[in-house]
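A.B. asks: This is model-v9.cif (mmCIF, C-alpha atoms).
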```cif
data_coords
loop_
_atom_site.label_atom_id
_atom_site.label_comp_id
_atom_site.auth_asym_id
_atom_site.auth_seq_id
_atom_site.Cartn_x
_atom_site.Cartn_y
_atom_site.Cartn_z
CA MET E 1 115.10 136.69 120.68
CA ASN E 2 112.13 134.93 119.07
CA ILE E 3 108.79 136.75 119.12
CA THR E 4 105.53 135.34 117.77
CA VAL E 5 102.56 137.60 117.06
CA LEU E 6 98.97 136.37 116.60
CA SER E 7 97.49 138.98 114.28
CA GLY E 8 94.30 140.12 112.73
CA GLY E 9 94.35 142.93 110.18
CA VAL E 10 94.96 146.63 110.71
CA GLY E 11 95.64 146.64 114.46
CA GLY E 12 97.94 143.64 114.33
CA ALA E 13 99.80 144.97 111.27
CA ARG E 14 100.39 148.40 112.80
CA PHE E 15 101.52 146.88 116.10
CA THR E 16 103.96 144.58 114.30
CA ARG E 17 105.36 147.51 112.32
CA GLY E 18 106.05 149.32 115.59
CA LEU E 19 107.54 146.18 117.12
CA LEU E 20 109.97 145.86 114.20
CA ALA E 21 110.96 149.52 114.57
CA LEU E 22 111.71 148.87 118.25
CA LEU E 23 113.77 145.76 117.48
CA ARG E 24 115.73 147.46 114.70
CA GLU E 25 116.67 150.20 117.15
CA ARG E 26 117.43 148.01 120.17
CA LEU E 27 118.73 144.85 118.48
CA PRO E 28 120.17 146.01 115.13
CA ASP E 29 121.85 143.57 112.76
CA GLY E 30 124.03 146.22 111.13
CA ALA E 31 122.19 145.95 107.82
CA GLY E 32 119.01 147.86 108.63
CA GLY E 33 117.22 144.92 110.21
CA THR E 34 117.27 143.21 113.58
CA THR E 35 118.89 140.15 115.10
CA ALA E 36 115.53 139.26 116.65
CA HIS E 37 113.24 136.92 114.74
CA VAL E 38 109.55 137.76 114.48
CA THR E 39 106.91 135.32 113.25
CA VAL E 40 103.40 136.56 112.56
CA VAL E 41 100.52 134.07 112.50
CA ALA E 42 97.68 135.69 110.58
CA ASN E 43 93.94 135.17 110.74
CA THR E 44 92.52 133.78 107.50
CA GLY E 45 88.93 133.44 108.67
CA ASP E 46 87.96 136.63 106.78
CA ASP E 47 89.05 135.11 103.44
CA LEU E 48 86.59 134.75 100.58
CA TRP E 49 86.25 134.01 96.88
CA LEU E 50 85.28 137.05 94.82
CA HIS E 51 85.35 137.44 91.00
CA GLY E 52 87.01 134.04 90.85
CA VAL E 53 90.00 135.09 92.96
CA ARG E 54 90.93 134.27 96.55
CA VAL E 55 90.94 137.37 98.75
CA CYS E 56 92.84 137.24 102.06
CA PRO E 57 92.23 140.61 103.76
CA ASP E 58 94.33 140.20 106.91
CA LEU E 59 97.30 138.59 105.18
CA ASP E 60 97.36 141.35 102.57
CA THR E 61 97.07 144.11 105.17
CA LEU E 62 100.13 142.65 106.89
CA LEU E 63 102.06 142.40 103.62
CA TYR E 64 101.21 145.94 102.52
CA THR E 65 101.76 147.52 105.93
CA LEU E 66 105.08 145.82 106.68
CA GLY E 67 106.14 146.14 103.04
CA GLY E 68 105.57 149.91 102.98
CA ALA E 69 102.72 150.05 100.45
CA VAL E 70 99.59 150.34 102.58
CA HIS E 71 97.01 153.11 102.23
CA GLU E 72 97.75 154.75 105.58
CA GLU E 73 94.45 156.62 105.96
CA GLN E 74 92.39 153.47 105.38
CA GLY E 75 94.79 151.14 107.16
CA TRP E 76 94.23 148.53 104.45
CA GLY E 77 94.61 148.25 100.68
CA ARG E 78 97.29 149.83 98.50
CA ARG E 79 98.13 153.51 98.37
CA ASP E 80 97.81 155.28 95.00
CA GLU E 81 95.13 152.74 94.12
CA SER E 82 92.69 152.91 91.19
CA ARG E 83 89.48 150.99 90.56
CA ARG E 84 89.02 150.79 86.81
CA VAL E 85 88.48 147.01 86.82
CA SER E 86 85.85 147.16 89.57
CA ASP E 87 84.06 150.03 87.82
CA ASP E 88 83.98 148.11 84.54
CA LEU E 89 82.70 144.97 86.28
CA ALA E 90 79.90 147.11 87.73
CA ALA E 91 79.01 148.19 84.19
CA TYR E 92 78.38 144.51 83.45
CA GLY E 93 76.18 144.28 86.52
CA LEU E 94 78.76 142.23 88.40
CA GLY E 95 80.53 142.66 91.69
CA TRP E 96 79.57 144.26 94.98
CA GLU E 97 79.67 148.05 95.19
CA TRP E 98 80.39 147.72 98.91
CA PHE E 99 83.46 145.52 98.39
CA THR E 100 85.52 146.72 95.46
CA LEU E 101 88.97 145.41 94.63
CA GLY E 102 91.49 148.04 93.62
CA ASP E 103 93.50 147.38 90.47
CA LEU E 104 96.83 146.97 92.28
CA ASP E 105 95.20 144.87 94.99
CA LEU E 106 93.59 142.71 92.31
CA ALA E 107 97.04 141.83 91.00
CA THR E 108 97.87 140.32 94.40
CA HIS E 109 94.68 138.27 94.38
CA LEU E 110 95.30 137.07 90.83
CA ALA E 111 98.83 136.03 91.73
CA ARG E 112 97.63 134.20 94.84
CA THR E 113 94.88 132.42 92.93
CA GLU E 114 97.19 131.30 90.13
CA LEU E 115 99.65 129.86 92.65
CA LEU E 116 96.87 128.12 94.58
CA ARG E 117 95.57 126.58 91.37
CA ARG E 118 99.05 125.29 90.62
CA GLY E 119 98.65 123.26 93.79
CA LEU E 120 100.71 125.30 96.23
CA PRO E 121 99.36 125.45 99.80
CA LEU E 122 98.48 128.90 101.11
CA SER E 123 101.57 129.00 103.35
CA ALA E 124 103.83 128.51 100.31
CA VAL E 125 101.87 131.15 98.41
CA VAL E 126 102.31 133.63 101.27
CA ASP E 127 106.04 132.92 101.25
CA ARG E 128 106.13 133.62 97.51
CA LEU E 129 104.24 136.91 97.87
CA ALA E 130 106.46 137.93 100.78
CA GLN E 131 109.51 137.64 98.51
CA ARG E 132 108.23 140.79 96.84
CA TRP E 133 107.15 142.74 99.90
CA ARG E 134 109.97 141.72 102.27
CA PRO E 135 107.90 142.32 105.43
CA GLY E 136 110.82 141.65 107.78
CA VAL E 137 108.97 138.81 109.51
CA THR E 138 108.14 135.19 108.84
CA LEU E 139 104.49 135.52 107.85
CA LEU E 140 102.32 132.42 108.27
CA PRO E 141 98.62 131.87 107.64
CA MET E 142 96.95 130.22 110.64
CA THR E 143 96.07 127.25 108.39
CA ASP E 144 96.44 126.08 104.80
CA HIS E 145 92.79 124.98 104.80
CA GLU E 146 90.03 127.26 103.55
CA VAL E 147 88.19 128.73 106.53
CA GLU E 148 85.46 131.35 106.21
CA THR E 149 83.68 133.14 109.03
CA HIS E 150 79.93 133.44 108.65
CA VAL E 151 77.62 135.48 110.87
CA ARG E 152 74.34 134.06 112.13
CA THR E 153 71.52 136.60 111.91
CA ALA E 154 67.75 136.41 112.26
CA ASP E 155 67.55 136.27 108.44
CA GLY E 156 70.20 133.59 107.97
CA LEU E 157 73.94 133.44 107.42
CA LEU E 158 76.08 136.27 106.05
CA HIS E 159 79.74 136.06 105.14
CA PHE E 160 81.64 138.05 107.75
CA GLU E 161 82.85 140.60 105.19
CA GLU E 162 79.28 141.33 104.08
CA TRP E 163 78.18 141.80 107.69
CA TRP E 164 81.26 143.90 108.51
CA VAL E 165 81.69 146.04 105.38
CA ARG E 166 78.24 146.25 103.82
CA HIS E 167 76.14 146.37 106.98
CA ARG E 168 78.81 147.90 109.26
CA ALA E 169 77.88 145.24 111.85
CA ALA E 170 74.51 146.95 112.32
CA VAL E 171 72.57 143.71 111.72
CA PRO E 172 72.40 141.99 115.13
CA ALA E 173 74.71 138.97 115.19
CA LEU E 174 73.46 135.84 116.93
CA GLY E 175 76.83 134.13 116.71
CA PHE E 176 79.66 133.21 114.38
CA GLU E 177 80.39 130.06 112.40
CA GLN E 178 83.87 129.33 111.05
CA VAL E 179 83.12 127.09 108.07
CA GLY E 180 85.92 124.56 107.54
CA LEU E 181 87.59 125.24 110.87
CA GLN E 182 86.96 121.87 112.52
CA GLY E 183 88.68 119.98 109.73
CA SER E 184 91.62 122.35 109.59
CA SER E 185 95.10 122.10 111.07
CA PRO E 186 97.78 124.69 111.75
CA ALA E 187 99.89 125.70 108.78
CA PRO E 188 103.48 124.42 108.79
CA GLY E 189 105.56 126.38 111.27
CA VAL E 190 102.69 127.73 113.37
CA LEU E 191 103.01 125.36 116.32
CA ASP E 192 106.81 125.55 116.22
CA ALA E 193 106.65 129.34 116.27
CA ILE E 194 104.54 129.25 119.42
CA ALA E 195 106.56 126.53 121.12
CA GLY E 196 109.92 128.10 120.30
CA ALA E 197 109.08 131.70 121.14
CA ASP E 198 110.55 133.72 123.98
CA VAL E 199 107.32 135.70 124.03
CA VAL E 200 103.98 135.46 122.24
CA VAL E 201 102.13 138.73 121.68
CA VAL E 202 98.39 139.12 121.11
CA PRO E 203 98.19 142.66 119.65
CA PRO E 204 95.09 144.86 119.65
CA SER E 205 93.16 142.79 117.11
CA ASN E 206 89.50 141.73 117.23
CA PRO E 207 89.35 139.17 120.07
CA VAL E 208 86.36 137.32 118.61
CA VAL E 209 86.77 136.96 114.85
CA SER E 210 90.52 137.59 114.40
CA VAL E 211 92.48 136.29 117.38
CA GLY E 212 89.57 134.07 118.40
CA THR E 213 89.61 132.33 115.02
CA ILE E 214 93.35 131.69 115.21
CA LEU E 215 92.94 130.22 118.68
CA ALA E 216 90.15 127.95 117.41
CA VAL E 217 92.37 126.20 114.85
CA PRO E 218 92.84 122.71 116.33
CA GLY E 219 96.14 122.53 118.19
CA VAL E 220 96.81 126.26 118.55
CA LEU E 221 95.16 126.71 121.93
CA ASP E 222 97.01 123.71 123.38
CA ALA E 223 100.28 125.07 122.00
CA LEU E 224 99.68 128.42 123.70
CA ARG E 225 98.81 126.82 127.00
CA THR E 226 101.94 124.66 127.03
CA THR E 227 104.61 126.94 125.53
CA THR E 228 107.42 128.05 127.82
CA ALA E 229 107.05 131.55 126.35
CA ARG E 230 105.27 134.26 128.26
CA VAL E 231 102.10 135.42 126.52
CA VAL E 232 101.13 139.10 126.65
CA GLY E 233 98.10 140.81 125.18
CA VAL E 234 97.38 144.45 124.37
CA SER E 235 93.78 145.53 124.88
CA PRO E 236 91.84 146.43 121.72
CA VAL E 237 89.35 148.34 123.88
CA VAL E 238 90.00 151.86 125.18
CA GLY E 239 87.57 153.59 127.47
CA GLY E 240 84.76 151.12 126.78
CA ALA E 241 84.98 151.32 122.97
CA PRO E 242 86.98 149.41 120.35
CA VAL E 243 89.99 151.27 119.03
CA ARG E 244 88.95 150.49 115.47
CA GLY E 245 86.02 148.84 113.75
CA MET E 246 82.98 147.27 115.35
CA ALA E 247 84.54 144.75 117.73
CA ASP E 248 81.90 145.75 120.28
CA ALA E 249 79.24 144.15 118.07
CA CYS E 250 81.30 140.94 117.95
CA LEU E 251 81.79 140.94 121.71
CA ALA E 252 78.08 141.56 122.31
CA ALA E 253 77.22 138.57 120.11
CA ILE E 254 79.15 136.24 122.43
CA GLY E 255 77.98 137.93 125.63
CA VAL E 256 81.19 139.78 126.52
CA GLU E 257 81.13 143.39 127.71
CA THR E 258 83.15 145.90 125.71
CA SER E 259 85.73 146.73 128.35
CA ALA E 260 89.43 146.10 128.87
CA ILE E 261 88.79 144.01 131.95
CA ALA E 262 86.06 141.90 130.29
CA VAL E 263 88.22 141.13 127.25
CA ALA E 264 91.08 140.09 129.55
CA ARG E 265 88.78 137.69 131.36
CA HIS E 266 87.46 136.45 128.00
CA TYR E 267 90.99 135.43 127.01
CA GLY E 268 91.71 134.18 130.53
CA ARG E 269 94.96 133.63 132.42
CA ARG E 270 97.08 130.65 131.42
CA ALA E 271 97.42 129.69 135.08
CA VAL E 272 93.70 128.86 135.12
CA GLY E 273 93.28 127.46 131.60
CA GLY E 274 93.29 130.68 129.59
CA VAL E 275 95.80 131.98 127.06
CA LEU E 276 97.50 135.07 128.55
CA ASP E 277 100.02 135.77 131.29
CA ALA E 278 99.94 139.55 131.08
CA TRP E 279 97.64 142.31 129.84
CA LEU E 280 98.44 145.88 128.82
CA VAL E 281 95.53 148.32 129.04
CA ASP E 282 95.26 151.96 128.06
CA THR E 283 95.59 154.67 130.69
CA ALA E 284 91.88 155.36 130.13
CA ASP E 285 91.26 151.93 131.67
CA ALA E 286 93.70 152.22 134.57
CA ASP E 287 90.89 151.27 136.96
CA ALA E 288 91.14 147.72 135.54
CA VAL E 289 94.68 147.26 136.86
CA ALA E 290 93.92 146.69 140.54
CA PRO E 291 91.13 144.09 140.12
CA LEU E 292 93.07 142.16 137.47
CA ARG E 293 96.22 142.25 139.56
CA ALA E 294 94.20 140.88 142.48
CA GLU E 295 93.20 137.96 140.22
CA GLY E 296 96.88 137.18 139.55
CA TRP E 297 97.47 139.02 136.27
CA ASP E 298 100.67 140.84 135.37
CA VAL E 299 98.95 144.02 134.24
CA ALA E 300 99.85 147.64 133.58
CA ALA E 301 98.33 150.75 132.05
CA ALA E 302 100.01 152.88 129.39
CA GLY E 303 99.02 154.87 126.32
CA THR E 304 98.07 152.26 123.71
CA LEU E 305 96.75 154.37 120.81
CA MET E 306 99.03 153.72 117.83
CA HIS E 307 99.29 157.27 116.48
CA ASP E 308 102.53 156.66 114.55
CA VAL E 309 105.39 154.19 114.29
CA PRO E 310 107.54 155.66 117.13
CA THR E 311 104.54 155.70 119.48
CA THR E 312 103.70 152.12 118.53
CA ALA E 313 107.31 151.07 119.13
CA GLY E 314 106.91 152.42 122.66
CA ILE E 315 103.73 150.40 123.15
CA ALA E 316 105.54 147.27 121.98
CA ALA E 317 108.38 147.99 124.43
CA ARG E 318 105.88 148.34 127.28
CA ALA E 319 104.18 145.06 126.38
CA LEU E 320 107.48 143.17 126.25
CA ALA E 321 108.64 144.71 129.53
CA LEU E 322 105.45 143.46 131.17
CA VAL E 323 106.68 139.88 130.65
CA GLY E 324 110.28 140.64 131.56
CA LEU E 325 111.76 141.18 128.06
CA THR E 326 113.77 144.32 127.45
CA PRO E 327 115.28 144.33 123.95
#
```
Take the structure I supplied and represent it as structure tokens, if you would.

C.D. replies:
Amino acid sequence: MNITVLSGGVGGARFTRGLLALLRERLPDGAGGTTAHVTVVANTGDDLWLHGVRVCPDLDTLLYTLGGAVHEEQGWGRRDESRRVSDDLAAYGLGWEWFTLGDLDLATHLARTELLRRGLPLSAVVDRLAQRWRPGVTLLPMTDHEVETHVRTADGLLHFEEWWVRHRAAVPALGFEQVGLQGSSPAPGVLDAIAGADVVVVPPSNPVVSVGTILAVPGVLDALRTTTARVVGVSPVVGGAPVRGMADACLAAIGVETSAIAVARHYGRRAVGGVLDAWLVDTADADAVAPLRAEGWDVAAAGTLMHDVPTTAGIAARALALVGLTP
């Protein structure tokens, strides 16, 4: 069984961790892993240069979460972290107090930057970093090209991380610009992972600036529309609010209501030019099932809050069952 996941940060990482737990239980390889093969295509539109190092928030959240080192309460960064370097930089009047790099996390960024400066493409760098963390998946960046998401505001452009972390998305967004996206191409393996999958999963990640950025890489959308795999999504909205973060501000900026049914229609059904075949909503949004089913969706309602790994494994099982896969 080949499963491809299109992932943002925390939500995508936690879903994938639950998916792997499900597969290890249902399709064990006898050595603690699974006979299934999972490929994760990660958003890199949140990446930025800071203190001379390349920071890749979503890739690192996937590595730390699947590698067992994530700060569980935050959902990102390393556990048992310290910030002596960031504090000392602040003493020199450098850095951003709203975006500090932990000392352990900084080691990852330094390693990545050194490898990039040696001439390795990002996909090869990710493979090198994954040799340490052993995430249990093939982890791919969406592209080897540098892409950075900027937010259009009344006062000009902000890097997405400044808008998201410093301003908590409180500055009204007029739109988003992915700098470098048009000239990019999918990283090696991305299109093959979509074409060769039995199922493609869109986990509960931000539909605008995480999944939306992956889909905007030239070639990815066409690959999704033509793959023989079924494509299932899990709603990131529960009861009219995002499960995590400020995805509602992103949706509002592109004129999409913050609801499970509106996000489904934003993605669209593959049968009519969209990207999904099926959509799993939370039980709080069960009233979306009937109208979406009437439009031709394979849709169901189930508990989708990822409280722990076993619960998330159950959510993954429900999503796969919706497209006829029962590991």

A.B. asks: I'd like to see the residues matched by the PyMOL selection byres ((chain E and resi 283) around 9) on this file, and ideally I'd get them as a PyMOL selection string.

C.D. replies: chain E and resi 238-239+281-282+284-287+300-304

A.B. asks: Quick one: of E:Leu94, E:His266, E:Ser184, E:Gly11, who's nearest to Pro242 of chain E, counting only C-alpha atoms?

C.D. replies: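 With only C-alpha atoms as the atom set, the closest residue is E:Gly11.
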
A.B. asks: Given the PyMOL selection byres ((chain E and resi 198) around 12) and the file above, list the residues it selects as a count of residues only.

C.D. replies: 30

A.B. asks: Any idea what's packed within 12 Å of Val208 of chain E, counting all atoms listed in the file, ignoring anything in its chain fewer than 2 positions away? Could you give it as a VMD selection string?

C.D. replies: chain E and resid 8 43 45 to 46 149 151 160 175 to 178 204 to 206 210 to 216 236 246 to 256 258 263 266 to 267

A.B. asks: Which value, in Å to one decimal, gives the distance between atom CA of Val289 of chain E and atom CA of Gly233 of chain E?

C.D. replies: 13.8 Å

A.B. asks: Using the chain letters and numbers from this file, what does the PyMOL selection byres ((chain E and resi 22) around 9) select? Give the answer as a list in words.

C.D. replies: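 Those residues are Arg17, Gly18, Leu19, Leu20, Ala21, Leu23, Arg24, Glu25, Arg26, Leu27, Pro310, Thr312, Ala313, Gly314, Ala316, Ala317 and Pro327 of chain E.
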
A.B. asks: Dump C-alpha atoms for the selected residues as an mmCIF file, in the coordinates of the input?

C.D. replies:
```
data_model
loop_
_atom_site.group_PDB
_atom_site.id
_atom_site.type_symbol
_atom_site.label_atom_id
_atom_site.label_comp_id
_atom_site.auth_asym_id
_atom_site.auth_seq_id
_atom_site.Cartn_x
_atom_site.Cartn_y
_atom_site.Cartn_z
ATOM 1 C CA ARG E 17 105.360 147.510 112.320
ATOM 2 C CA GLY E 18 106.050 149.320 115.590
ATOM 3 C CA LEU E 19 107.540 146.180 117.120
ATOM 4 C CA LEU E 20 109.970 145.860 114.200
ATOM 5 C CA ALA E 21 110.960 149.520 114.570
ATOM 6 C CA LEU E 23 113.770 145.760 117.480
ATOM 7 C CA ARG E 24 115.730 147.460 114.700
ATOM 8 C CA GLU E 25 116.670 150.200 117.150
ATOM 9 C CA ARG E 26 117.430 148.010 120.170
ATOM 10 C CA LEU E 27 118.730 144.850 118.480
ATOM 11 C CA PRO E 310 107.540 155.660 117.130
ATOM 12 C CA THR E 312 103.700 152.120 118.530
ATOM 13 C CA ALA E 313 107.310 151.070 119.130
ATOM 14 C CA GLY E 314 106.910 152.420 122.660
ATOM 15 C CA ALA E 316 105.540 147.270 121.980
ATOM 16 C CA ALA E 317 108.380 147.990 124.430
ATOM 17 C CA PRO E 327 115.280 144.330 123.950
#
```

A.B. asks: Please report the interatomic distance between atom CA of Val85 of chain E and atom CA of Val55 of chain E in Å with one decimal.

C.D. replies: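 About the pair atom CA of Val85 of chain E and atom CA of Val55 of chain E: they are 15.5 Å apart.
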
A.B. asks: Which is closer to Glu162 of chain E than all the others in E:Leu140, E:Gly77, E:Glu148, E:Gly274, using all atoms listed in the file?

C.D. replies: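 Result for the nearest residue to Glu162 of chain E: E:Glu148.
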
A.B. asks: For each of E:Asp105, E:Glu73, E:Asp29, E:Asp144, take the minimum atom-to-atom distance to Val190 of chain E, counting all atoms listed in the file, then give the residue where this is smallest.

C.D. replies: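 That would be E:Asp144, the residue with the smallest distance to Val190 of chain E.
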
A.B. asks: E:Leu110, E:Ser123, E:Asp277, E:Leu101: which is nearest Glu81 of chain E, counting only C-alpha atoms?

C.D. replies: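 For Glu81 of chain E, the nearest of the candidates is E:Leu101.
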
A.B. asks: Do you have the atom CA of Gly95 of chain E-atom CA of Arg54 of chain E distance handy?

C.D. replies: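 These atoms are spaced 14.2 Å apart.
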
A.B. asks: Hey, what's within 12 Å of Arg79 of chain E if we count all atoms listed in the file and toss same-chain stuff fewer than 2 positions away? As an mmCIF file with C-alpha atoms, in the coordinates of the input, please?

C.D. replies:
```cif
data_model
loop_
_atom_site.group_PDB
_atom_site.id
_atom_site.type_symbol
_atom_site.label_atom_id
_atom_site.label_comp_id
_atom_site.auth_asym_id
_atom_site.auth_seq_id
_atom_site.Cartn_x
_atom_site.Cartn_y
_atom_site.Cartn_z
ATOM 1 C CA THR E 61 97.070 144.110 105.170
ATOM 2 C CA TYR E 64 101.210 145.940 102.520
ATOM 3 C CA THR E 65 101.760 147.520 105.930
ATOM 4 C CA GLY E 67 106.140 146.140 103.040
ATOM 5 C CA GLY E 68 105.570 149.910 102.980
ATOM 6 C CA ALA E 69 102.720 150.050 100.450
ATOM 7 C CA VAL E 70 99.590 150.340 102.580
ATOM 8 C CA HIS E 71 97.010 153.110 102.230
ATOM 9 C CA GLU E 72 97.750 154.750 105.580
ATOM 10 C CA GLU E 73 94.450 156.620 105.960
ATOM 11 C CA GLN E 74 92.390 153.470 105.380
ATOM 12 C CA GLY E 75 94.790 151.140 107.160
ATOM 13 C CA TRP E 76 94.230 148.530 104.450
ATOM 14 C CA GLY E 77 94.610 148.250 100.680
ATOM 15 C CA GLU E 81 95.130 152.740 94.120
ATOM 16 C CA SER E 82 92.690 152.910 91.190
ATOM 17 C CA ARG E 83 89.480 150.990 90.560
ATOM 18 C CA GLY E 102 91.490 148.040 93.620
ATOM 19 C CA ASP E 103 93.500 147.380 90.470
ATOM 20 C CA LEU E 104 96.830 146.970 92.280
ATOM 21 C CA ASP E 105 95.200 144.870 94.990
#
```

A.B. asks: Please determine the residues with any atom at most 9 Å from (94.1, 129.9, 127.5) (coordinates as given in the file, with only C-alpha atoms counting) and report them as an NGL selection string.

C.D. replies: :E and (215 or 221-222 or 224-225 or 267-276)
